[in-house]
Amino acid sequence: MKDRKEATVVSPIREAQAKMTRDRIVEAAFQAFSVKGYQATSATEIASAAGASRATFYLHFATKAEIIVDVIDRNQPELFQRYTLFARESCGTQEDICMWLMGIIGRWKDEGLHYQAMEQAVATEPKVAQRWIDSITEAAALFTRELSPASNAQHFKDNHLAILALMIQFERVMFFAVVGQLLDVETFCRVLAAQWWAVLTRIRG
């Protein structure tokens, strides 16, 4: 009985320690990616930067691609909430849409390190690319249901694909704006806002 009680007490501590180690590896990975790029960074280098052994790295992640998938999964609730609130509160006018798009790009500029590594991983890791498209497809579905909850199956499918295409297009603009800093953000967001407004107006009937 005593051993069982001790195990119950120790288990949450071990879980917390495991989470701290996992978080440390993730943060070290993105720091390493920023120096050498995603492809050129090895698991050994990530483990070393995190102050851990290779064995510890592989205890938490089978591959470095799983680090990116982990971050996508962590960010997913925020992504869903962001698009849900956008549908409910921030797309009443074309100007609202433009301001929302610019705000999202501004947020990602603050997270440029993570965004650049994720883009590199999406381009080279099928597992990461699939997880990314699954996540944004689900976000598009949530957004579409908020806009048109009573639509039939065919209308939902058509509307969902239209929203998904807009989201993917916006992701490309974010890439060139955040990673390459090659675009005039406001100009492109105004063009995108006009396209979003046309689609949303059609969906809302």
# chains A, B, ... in the order shown; residues from 1 in each chain; ligands from 1

$ residues_around --residues "Leu79 (chain A)" --least-positions-apart "5" --cutoff "9 Å" --atoms "only C-alpha atoms" --output "PyMOL selection string"
chain A and resi 84+135-136+139

$ closest_atom_pairs --of "region 13-89 of chain A" --to "region 103-109 of chain A" --cutoff "12 Å" --atoms "only C-alpha atoms" --output "CSV"
residue,atom,partner,partner_atom,distance
A:Glu78,CA,A:Ile104,CA,11.9
A:Leu79,CA,A:Ile104,CA,10.6
A:Arg82,CA,A:Ile104,CA,9.3
A:Tyr83,CA,A:Ile104,CA,10.6
A:Phe86,CA,A:Ile104,CA,10.9

$ residues_around --residues "region 37-50 of chain A" --least-positions-apart "3" --cutoff "10 Å" --atoms "only C-alpha atoms" --output "MDAnalysis selection string"
chainID A and resid 21:34 53:58 61:65 68 116:121 124:125

$ atom_distance --atom1 "CA of Ala16 (chain A)" --atom2 "CA of Gly112 (chain A)"
28.0 Å

$ closest_residue --among "A:Val191, A:Ile133, A:Cys98, A:Leu147" --to "Ala165 (chain A)" --atoms "only C-alpha atoms"
A:Ile133

$ closest_residue --among "A:Gly51, A:Val35, A:His160, A:Phe188" --to "Arg172 (chain A)" --atoms "only C-alpha atoms"
A:Phe188

$ atom_distance --atom1 "CA of Leu101 (chain A)" --atom2 "CA of Gly205 (chain A)"
22.6 Å
